[in-house]
Amino acid sequence: MTESTRRDTTAAKGRPGRTDRPGHDETILGRLTGPSDLKDLTIAQLEQVAAEIRAELIEKVAINGGHLGASLGPVELIVAMHVVYDSPRDHLVFDVGHQAYAHKLLTGRLDRFHTLRQEGGISGFLSRDESEHDAFGAGHASTSISAALGMAVADHLRHDAGSRPRTVALIGDGALTGGMAFEALNNGGHLGIPMTVILNDNEMSIARNVGALSKYLDKVRTDRRFGRAKDELERLLERMPQGDMMVDLGKRLTDSVKAFMVHGMIWEELGYTYLGPIDGHNLRDVIDALQNAVNVDGPVFLHVVTEKGRGYAPAADDHERSHAVSARPKVAPVGTEKAKAPTPPKYQDVFAAAAIELANEDDRIVAITAAMPTGTSVGLFGEVHPDRTFDVGIAEQHAVTFAAGMATQGMRPIAAIYSTFLKRAYDQIYHDVCLQRLPVVFAMDRAGFAGDDGRTHHGIYDLSYLRCMPNMTVMAPKDEAELRHMLATSLKLDGPSAIRYPRGAGVGVPIDEPMHALPIGRSEVLREGDDVAIVACGAMVLAAERAAELLRADGISATVVNARFIKPLDERLILDLADRCGAIVTVEENVAVGGFGAAVLECLSQNQRTTPVRVIAIPDQVFEQASQDVLRARAGLDPAGIASAARDVMAWRDGVTGQPVNLPITEAGDKVPVAR
């Protein structure tokens with residue numbers, strides 16, 4: 001928009017109403033047909049749009065759950081980005097995506113925003129499948145600069161200078177702790193291709209003696225005339241006696257003054273033009289800064305300061321806990337309330353309490369987290385043992401090798417990392433821990449389906465990617481009490497180990513039994529039966545027990561086994577079950593490829609058994625957000641699905657005696673052919 005139009009803060013212009021936006025027609029936000037409409041609005045109108053976005057975020061996210069605090073801060077910044085840039089032609093890349101709820105509201109998803117993170121609704125993160133305005137989909141941090149640089153290079157190769165799309169990456173100060181972000185910054189500064197990196201800094205404040213002066217310097221330094229004058233002056237000085245020394249002295253003096261006045265030397269040294277810091281809630285200043293950045297023929301680092309949780313007191317007062325909020329529990333009508341049993345503690349809290357108890361007796365035990373002290377409950381450990389607690393930032397690769405280094409010196413490190421994030425450190429697990437047989441314990445929270453966080457956060461691959469690691473012991477507790485014993489077991493091993501446990505509360509068993517080590521590679525038989533064997537691991541053991549009850553009602557006697565160890569496998573028991581029952585069902589909340597069921601099949605094959613086996617695991621497909629129970633049922637991991645699989649494998653055994661069978665994995669509701 002023109003300077004005169006943008007500066008006009010008179011009465012807001014009216015825009016045509018939209019009949020397809022029920023409940024939003026009375027707002028400017030509701031009347032927008034797309035982000036390009038923002039370019040025609042005045043500053044006053046844009047500020048009103050920002051206020052309407054915040055109201056929508058607070059109303060919907062506070063009720064349904066989501067990344068509230070993280071999305072409230074950059075509202076004006078995202079509005080300004082859509083004013084200056086032309087999405088989807090220009091590439092707007094958001095790191096992780098939980099800062100980008102305002103972007104969703106401005107790009108055609110206002111009417112569906114109430115479905116955020118709900119089954120069948122819009123994603124809590126960005127998704128290229130969801131909107132053409134989502135230039136890059138990501139649920140893990142520190143990726144935006146790499147992706148944006150790739151887009152900028154591709155445009156540089158494919159388009160003429162005058163027709164190139166523009167690229168901008170928005171990254172938070174938390175995500176900037178990730179090593180991948182610095183790798184991309186280093187590469188981007190070296191290539192020198194025009195793109196803008198925006199740092200959404202919601203932890204630092206703006207010093208009064210910096211703001212106005214740095215704003216003026218930004219305007220001068222991004223003026224092309226300034227660049228030309230600087231080059232002319234350098235050429236003139238070089239022709240004078242000892243001119244090269246004068247040029248070098250001038251540069252050193254300029255850099256020294258700049259370093260004193262502007263906190264941007266590190267970015268300048270990396271090859272970026274540094275702009276800022278600026279107030280991210282001042283729309284006019286943000287728009288000015290973005291337009292200045294567009295004029296720079298090279299990479300720009302724009303430092304914007306925002307307030308996390310702005311406009312919502314609970315989020316502003318507690319940044320970490322209100323970074324994301326859970327959905328409000330539904331309230332039953334008055335008079336229909338039922339007494340509820342006490343909620344069992346969360347697995348993550350049981351883990352932390354056990355680690356504290358063990359560390360009280362062993363000063364070698366340390367806890368490491370990668371920017372998730374609350375999510376993993378390592379923060380609770382830190383309250384008791386602050387000197388033995390380490391938050392390394394969003395740097396899972398570093399966390400693992402950091403733990404390995406500690407282990408070489410006799411420490412017993414516990415690396416508490418979500419299953420979905422541990423994939424980022426795969427090479428470090430193999431090269432730095434497993435090959436050296438170092439006693440690092442991986443406490444993998446959120447293993448299995450992650451629920452409403454969706455496809456980027458499901459922890460459904462760890463059994464597969466860890467089972468093939470040399471020297472690794474892999475465990476999965478059936479309940480919160482067994483988690484305690486497995487942690488004690490891991491800390492006694494001389495090599496690496498991993499314990500996977502699900503998101504949410506335990507099953508409600510007592511947890512006051514003293515912790516003790518479990519026999520390595522030994523399963524637990526929970527129920528004896530001769531007709532079929534159900535071997536389950538981790539959170540699926542309870543579902544297997546309930547499936548056995550359903551089978552018992554039909555006169556089918558099932559053995560139920562708590563596998564406990566995925567590696568090493570209890571091969572002796574597996575072979576005994578094959579001989580005694582003649583049909584086996586394996587159950588795991590992990591992908592089928594390379595998982596626990598695959599280990600059972602390998603065992604039977606190597607020992608020349610032709611026992612029919614049905615592997616119940618997660619199919620090779622993408623699962624979107626839904627409740628954990630719904631997702632498990634879709635994968636056939638509920639009691640009814642397990643019981644149905646047991647009946648099918650028994651029928652197959654009885655109809656095709658002596659033939660090795662691994663029945664295909666199907667989604668819930670699909671029937672497996674039964675040979676008669």
# chains A, B, ... in the order shown; residues from 1 in each chain; ligands from 1
$ residues_around --residues "Ser144 of chain A" --least-positions-apart "4" --cutoff "6 Å" --atoms "only C-alpha atoms" --output "list in words"
Val93, Asp95, Ala148 and Ala169 of chain A
$ select_by_dssp --residues "segment 43-167 of chain A" --states "helix (DSSP H, G or I)" --output "ChimeraX atom specification"
/A:43-64,68-72,75-84,101-106,113-115,144-158,161-163
$ closest_residue --among "A:Ala141, A:Ala583, A:Ala147, A:Ala558" --to "Gly179 of chain A" --atoms "only C-alpha atoms"
A:Ala141
$ select_by_dssp --residues "segment 423-541 of chain A" --states "strand (DSSP E or B)" --output "PyMOL selection string"
chain A and resi 441-445+447-448+459+473-475+497-500+505+524-527+532-536
$ atom_distance --atom1 "atom CA of Gly178 of chain A" --atom2 "atom CA of Arg424 of chain A"
11.1 Å
$ residues_around --residues "Ser605 of chain A" --least-positions-apart "4" --cutoff "12 Å" --atoms "only C-alpha atoms" --output "list in words"
Glu571, Ile574, Leu575, Ala578, Ala598, Ala599, Val600, Leu601, Arg609, Thr610, Thr611, Pro612, Val613, Pro660, Val661 and Asn662 of chain A
$ residues_around --residues "segment 349-357 of chain A" --least-positions-apart "5" --cutoff "8 Å" --atoms "only C-alpha atoms" --output "ChimeraX atom specification"
/A:376-378,380-381,384-385,480,483-484,487
$ closest_residue --among "A:Tyr85, A:Tyr272, A:Trp267, A:Phe449" --to "Val622 of chain A" --atoms "only C-alpha atoms"
A:Phe449
$ atom_distance --atom1 "atom CA of Asp445 of chain A" --atom2 "atom CA of Ile394 of chain A"
15.8 Å
$ closest_residue --among "A:Leu358, A:Leu106, A:Leu157, A:Ile78" --to "Leu290 of chain A" --atoms "only C-alpha atoms"
A:Ile78
$ residues_around --residues "Met81 of chain A" --least-positions-apart "3" --cutoff "12 Å" --atoms "only C-alpha atoms" --output "MDAnalysis selection string"
chainID A and resid 35:36 38:39 46 74:78 84:88 90:94 100 102:103 106 166:170 196:198 280 283:291 293:294
$ atom_distance --atom1 "atom CA of Ala536 of chain A" --atom2 "atom CA of Met444 of chain A"
18.3 Å
$ closest_residue --among "A:Gly73, A:Gly641, A:Pro386, A:Gly162" --to "Ile53 of chain A" --atoms "only C-alpha atoms"
A:Gly73
$ closest_residue --among "A:Thr273, A:Ser146, A:Thr177, A:Asn200" --to "Asn292 of chain A" --atoms "only C-alpha atoms"
A:Thr273
$ closest_residue --among "A:Ala44, A:Val441, A:Ile556, A:Leu72" --to "Ile28 of chain A" --atoms "only C-alpha atoms"
A:Ala44
